[in-house]
Amino acid sequence: MDIIPGLADVPVAHTKICLLDGKNGKLIYRGYDVEELFEKSNYLETAYLLIFGDLPSKVEYENFKKDIKLHSRLKFRIIDVMKNFPEKAHPIEVLQSVVSCLGMFYKKENVLNKDYQYLSIVKLLAKIPLIIANWNRIRNGDNPLEPNPDFDYVENFLYMYFGQKPTKEKVEILEKCLILHAEHSMNASTFAAIVVGSTLADPFTVISSAIGALSGPLHGGANEDVIKMFKEIENVQNVKKYIDEKLESKKKIPGFGHRVYKTYDPRAKLLKKMLENLEIKDEELKNLYSIAQEVEKYVLEKLSHKGVYPNVDFYSGLVYKYLGFDEDMYTSLFALARVSGWLAHWKEYITDNKLIRPTEIYIGEINKKYNDRKV
């Protein structure tokens, strides 16, 4: 029996949620091209589409927003728990821990119950932005802010995170970023979600496990590494030397290449276009953006013939930096977006659930004797 390392290209489920066409560089959510959603939709509407199967009517959307607002609070004991975390804890570790804690505060019911599913979905969508925003304030010595009932979902998140009403431009930028990161087929964190979900564990445990998978450097964190790379390069004159050294030592270049896409990642294309239209005033960001443009140009000269192109992480960190987020928050922003995709796959999989129980091939020794052990 052959082993496929990493289960590469091994189908594990049927889905109606996402089509990832790596050959043609297309990403489809429930039949809609992500580019159209990027231009016309917003994050909550896209989340509804992914989770429930189609874009909501006006009434459905308003009810969905109202239900999320209703649950946009964290219990004081959760806040107390967060205040006892070490200040240097990575935000993604905090997010995983607190999402896991949430499940202890709510009655566990049969996860196949549709009402319980809906309520859990609403609670997770409502509370994850609060956790991220609250942690940013707590670790900086500030008290968390209460959500503003007059603000919409993304606007409220930015308000609670930064402590002031965000501009319309910044709200629109983050809406678009969250749409692009909301779903991406059967990746490591989504697989983790359905593995745990297949045991009929509660949805808070399911999402906590997905966040845990995202915390690993081979899945999340690449956009943080991209910004670190740009800073190491320092200026455009150093780009060729830096990239040549990476290639000669056969080291991965952050933000390039993808397990599925063998052409330009459509999400990276849209983020690149977004950056081109921004008026960047911050000198550090201007320099990093110039370096990024030169890195892309030179790496494509060297590697595009091998199907290596920029992925979503290459430009997303620059956009988040423009919005003012600290670099260690980028993976948590990924999770904020992707929770809708995780919930969609969880909900879809358990509808026709089968416990995921693979096997393995033993290649160790047999017939060893206890008394023959080393003394």
# chains A, B, ... in the order shown; residues from 1 in each chain; ligands from 1

call {"tool": "residues_around", "arguments": {"residues": "A:Arg137", "least_positions_apart": "5", "cutoff": "12 Å", "atoms": "only C-alpha atoms", "output": "list in words"}}
result
Ile79, Met82, Lys83, Glu87, Pro91, Leu130, Ile131, Ile132, Asp142, Asn143, Pro144, Leu145, Glu146, Leu158, Tyr159, Met160, Tyr161, Phe162 and Gly163 of chain A

call {"tool": "write_last_selection", "arguments": {"atoms": "all heavy atoms", "output": "compact mmCIF listing (two decimals), in the first residue's frame"}}
result
# COMPACT_ATOMS: atom_id res chain seq x y z
N ILE A 79 -12.70 37.76 30.04
CA ILE A 79 -11.79 38.91 30.09
C ILE A 79 -10.75 38.71 31.20
O ILE A 79 -9.56 38.98 31.01
CB ILE A 79 -12.57 40.22 30.32
CG1 ILE A 79 -13.62 40.44 29.22
CG2 ILE A 79 -11.61 41.40 30.41
CD1 ILE A 79 -13.05 40.68 27.87
N MET A 82 -8.07 36.38 30.09
CA MET A 82 -7.15 37.02 29.16
C MET A 82 -6.17 37.95 29.88
O MET A 82 -5.00 38.04 29.49
CB MET A 82 -7.94 37.80 28.11
CG MET A 82 -8.78 36.92 27.19
SD MET A 82 -9.82 37.85 26.04
CE MET A 82 -8.60 38.53 24.94
N LYS A 83 -6.64 38.59 30.93
CA LYS A 83 -5.77 39.51 31.67
C LYS A 83 -4.64 38.78 32.40
O LYS A 83 -3.65 39.40 32.81
CB LYS A 83 -6.59 40.32 32.67
CG LYS A 83 -7.44 41.40 32.00
CD LYS A 83 -8.27 42.19 33.02
CE LYS A 83 -9.04 43.31 32.34
NZ LYS A 83 -9.89 44.07 33.27
N GLU A 87 1.99 38.88 28.70
CA GLU A 87 1.87 39.95 27.72
C GLU A 87 2.52 39.60 26.39
O GLU A 87 2.11 40.09 25.34
CB GLU A 87 2.49 41.24 28.27
CG GLU A 87 1.70 41.85 29.41
CD GLU A 87 2.38 43.08 29.99
OE1 GLU A 87 3.41 43.49 29.44
OE2 GLU A 87 1.87 43.61 30.99
N PRO A 91 -0.64 36.49 19.68
CA PRO A 91 -2.10 36.63 19.56
C PRO A 91 -2.83 35.40 19.07
O PRO A 91 -3.96 35.15 19.48
CB PRO A 91 -2.24 37.79 18.57
CG PRO A 91 -1.00 38.61 18.76
CD PRO A 91 0.08 37.61 19.04
N LEU A 130 -13.91 40.22 18.89
CA LEU A 130 -13.77 40.80 20.23
C LEU A 130 -12.52 40.28 20.91
O LEU A 130 -11.78 41.04 21.56
CB LEU A 130 -14.99 40.47 21.09
CG LEU A 130 -16.17 41.44 21.03
CD1 LEU A 130 -16.83 41.45 19.66
CD2 LEU A 130 -17.20 41.08 22.10
N ILE A 131 -12.26 38.99 20.79
CA ILE A 131 -11.08 38.39 21.42
C ILE A 131 -9.80 39.03 20.89
O ILE A 131 -8.90 39.41 21.65
CB ILE A 131 -11.06 36.86 21.19
CG1 ILE A 131 -12.25 36.20 21.87
CG2 ILE A 131 -9.75 36.26 21.70
CD1 ILE A 131 -12.49 34.76 21.42
N ILE A 132 -9.73 39.17 19.57
CA ILE A 132 -8.52 39.74 18.95
C ILE A 132 -8.34 41.20 19.37
O ILE A 132 -7.25 41.61 19.78
CB ILE A 132 -8.60 39.63 17.41
CG1 ILE A 132 -8.65 38.16 16.99
CG2 ILE A 132 -7.42 40.33 16.75
CD1 ILE A 132 -8.98 37.94 15.52
N ASP A 142 -4.39 48.50 28.35
CA ASP A 142 -5.66 49.23 28.26
C ASP A 142 -6.83 48.30 28.52
O ASP A 142 -6.76 47.09 28.25
CB ASP A 142 -5.83 49.86 26.88
CG ASP A 142 -4.74 50.86 26.56
OD1 ASP A 142 -4.41 51.66 27.45
OD2 ASP A 142 -4.22 50.84 25.42
N ASN A 143 -7.92 48.87 29.01
CA ASN A 143 -9.14 48.09 29.18
C ASN A 143 -9.82 47.89 27.83
O ASN A 143 -9.78 48.78 26.97
CB ASN A 143 -10.11 48.79 30.14
CG ASN A 143 -9.72 48.57 31.58
OD1 ASN A 143 -9.34 47.47 31.98
ND2 ASN A 143 -9.79 49.63 32.38
N PRO A 144 -10.45 46.73 27.62
CA PRO A 144 -11.19 46.51 26.38
C PRO A 144 -12.32 47.52 26.21
O PRO A 144 -12.86 48.03 27.20
CB PRO A 144 -11.75 45.09 26.54
CG PRO A 144 -10.88 44.44 27.56
CD PRO A 144 -10.46 45.54 28.49
N LEU A 145 -12.67 47.78 24.96
CA LEU A 145 -13.78 48.67 24.65
C LEU A 145 -15.04 47.86 24.37
O LEU A 145 -14.97 46.77 23.79
CB LEU A 145 -13.46 49.52 23.42
CG LEU A 145 -12.37 50.59 23.56
CD1 LEU A 145 -12.12 51.26 22.22
CD2 LEU A 145 -12.75 51.62 24.61
N GLU A 146 -16.18 48.40 24.77
CA GLU A 146 -17.45 47.79 24.42
C GLU A 146 -17.74 48.06 22.94
O GLU A 146 -17.39 49.12 22.42
CB GLU A 146 -18.58 48.38 25.27
CG GLU A 146 -18.52 47.97 26.73
CD GLU A 146 -18.81 46.48 26.93
OE1 GLU A 146 -19.72 45.97 26.26
OE2 GLU A 146 -18.11 45.86 27.74
N LEU A 158 -12.48 47.28 14.03
CA LEU A 158 -11.42 48.28 13.94
C LEU A 158 -11.53 49.30 15.07
O LEU A 158 -10.51 49.73 15.64
CB LEU A 158 -11.48 48.98 12.58
CG LEU A 158 -11.04 48.13 11.38
CD1 LEU A 158 -11.39 48.83 10.07
CD2 LEU A 158 -9.55 47.81 11.44
N TYR A 159 -12.75 49.68 15.42
CA TYR A 159 -12.97 50.61 16.52
C TYR A 159 -12.46 50.02 17.84
O TYR A 159 -11.74 50.67 18.61
CB TYR A 159 -14.46 50.96 16.62
CG TYR A 159 -14.85 51.55 17.95
CD1 TYR A 159 -14.44 52.82 18.33
CD2 TYR A 159 -15.63 50.81 18.85
CE1 TYR A 159 -14.80 53.36 19.57
CE2 TYR A 159 -15.99 51.33 20.09
CZ TYR A 159 -15.57 52.61 20.43
OH TYR A 159 -15.91 53.12 21.66
N MET A 160 -12.83 48.76 18.12
CA MET A 160 -12.42 48.14 19.39
C MET A 160 -10.93 47.86 19.42
O MET A 160 -10.30 47.88 20.48
CB MET A 160 -13.21 46.84 19.61
CG MET A 160 -14.67 47.06 19.91
SD MET A 160 -15.53 45.51 20.30
CE MET A 160 -15.46 44.68 18.71
N TYR A 161 -10.34 47.62 18.27
CA TYR A 161 -8.90 47.33 18.19
C TYR A 161 -8.07 48.60 18.39
O TYR A 161 -7.14 48.65 19.20
CB TYR A 161 -8.57 46.69 16.85
CG TYR A 161 -7.16 46.17 16.74
CD1 TYR A 161 -6.87 44.82 16.96
CD2 TYR A 161 -6.09 47.02 16.44
CE1 TYR A 161 -5.57 44.35 16.87
CE2 TYR A 161 -4.80 46.55 16.36
CZ TYR A 161 -4.54 45.21 16.57
OH TYR A 161 -3.25 44.74 16.50
N PHE A 162 -8.41 49.67 17.65
CA PHE A 162 -7.59 50.87 17.64
C PHE A 162 -8.08 51.97 18.58
O PHE A 162 -7.37 52.93 18.84
CB PHE A 162 -7.49 51.43 16.22
CG PHE A 162 -6.70 50.55 15.28
CD1 PHE A 162 -7.33 49.85 14.27
CD2 PHE A 162 -5.33 50.42 15.42
CE1 PHE A 162 -6.61 49.04 13.41
CE2 PHE A 162 -4.59 49.61 14.57
CZ PHE A 162 -5.23 48.91 13.56
N GLY A 163 -9.34 51.83 19.06
CA GLY A 163 -9.84 52.80 20.02
C GLY A 163 -10.40 54.07 19.41
O GLY A 163 -10.60 55.07 20.13

call {"tool": "residues_around", "arguments": {"residues": "A:Ile179", "least_positions_apart": "3", "cutoff": "12 Å", "atoms": "only C-alpha atoms", "output": "ChimeraX atom specification"}}
result
/A:27-29,33-50,154,172-176,182-184,267,270-271,333-341

call {"tool": "closest_atom_pairs", "arguments": {"of": "stretch 98-164 of chain A", "to": "stretch 197-208 of chain A", "cutoff": "7 Å", "atoms": "only C-alpha atoms", "output": "JSON lines"}}
result
{"residue": "A:Val99", "atom": "CA", "partner": "A:Ser208", "partner_atom": "CA", "distance": 5.7}
{"residue": "A:Ser100", "atom": "CA", "partner": "A:Ser208", "partner_atom": "CA", "distance": 5.4}
{"residue": "A:Leu102", "atom": "CA", "partner": "A:Phe204", "partner_atom": "CA", "distance": 6.7}
{"residue": "A:Gly103", "atom": "CA", "partner": "A:Phe204", "partner_atom": "CA", "distance": 5.3}
{"residue": "A:Lys108", "atom": "CA", "partner": "A:Asp202", "partner_atom": "CA", "distance": 6.9}
{"residue": "A:Val111", "atom": "CA", "partner": "A:Asp202", "partner_atom": "CA", "distance": 6.4}
{"residue": "A:Ser120", "atom": "CA", "partner": "A:Pro203", "partner_atom": "CA", "distance": 6.7}

call {"tool": "closest_residue", "arguments": {"among": "A:Glu284, A:Asp67, A:Glu279, A:Asp313", "to": "A:Pro266", "atoms": "only C-alpha atoms"}}
result
A:Asp313

call {"tool": "atom_distance", "arguments": {"atom1": "atom CA of A:Lys16", "atom2": "atom CA of A:Trp346"}}
result
12.5 Å

call {"tool": "residues_around", "arguments": {"residues": "A:Arg259", "least_positions_apart": "2", "cutoff": "10 Å", "atoms": "only C-alpha atoms", "output": "ChimeraX atom specification"}}
result
/A:8-9,22,187,257,261-262

call {"tool": "residues_around", "arguments": {"residues": "A:Arg30", "least_positions_apart": "2", "cutoff": "6 Å", "atoms": "only C-alpha atoms", "output": "PyMOL selection string"}}
result
chain A and resi 17-18+32

call {"tool": "write_last_selection", "arguments": {"atoms": "C-alpha atoms", "output": "PDB file, in the first residue's frame"}}
result
ATOM      1  CA  ILE A  17     -18.345  25.326  -0.807  1.00  0.00           C
ATOM      2  CA  CYS A  18     -15.187  26.116  -2.739  1.00  0.00           C
ATOM      3  CA  TYR A  32     -19.229  33.011  -7.301  1.00  0.00           C
TER       4      TYR A  32
END

call {"tool": "closest_residue", "arguments": {"among": "A:Gly25, A:Tyr349, A:Lys246, A:Pro166", "to": "A:Pro310", "atoms": "only C-alpha atoms"}}
result
A:Gly25

call {"tool": "residues_around", "arguments": {"residues": "A:Ser189", "least_positions_apart": "6", "cutoff": "10 Å", "atoms": "only C-alpha atoms", "output": "list in words"}}
result
Val195, Ile207, Ser208, Ser209, Ala210, Ile211, Gly212, Ala213, Leu214, Ser215, Gly216, His219, Gly220, Ala335, Arg338 and Trp342 of chain A

call {"tool": "closest_residue", "arguments": {"among": "A:Leu70, A:Cys177, A:Val239, A:Leu300", "to": "A:Lys123", "atoms": "only C-alpha atoms"}}
result
A:Leu70

call {"tool": "closest_residue", "arguments": {"among": "A:Val312, A:Leu285, A:Ala13, A:Leu112", "to": "A:Gly324", "atoms": "only C-alpha atoms"}}
result
A:Leu285

call {"tool": "residues_around", "arguments": {"residues": "stretch 232-238 of chain A", "least_positions_apart": "3", "cutoff": "6 Å", "atoms": "only C-alpha atoms", "output": "PyMOL selection string"}}
result
chain A and resi 229+241+291

call {"tool": "atom_distance", "arguments": {"atom1": "atom CA of A:Val122", "atom2": "atom CA of A:Ala222"}}
result
28.7 Å

call {"tool": "closest_residue", "arguments": {"among": "A:Val295, A:Ile194, A:Ile366, A:Val226", "to": "A:Lys240", "atoms": "only C-alpha atoms"}}
result
A:Val295
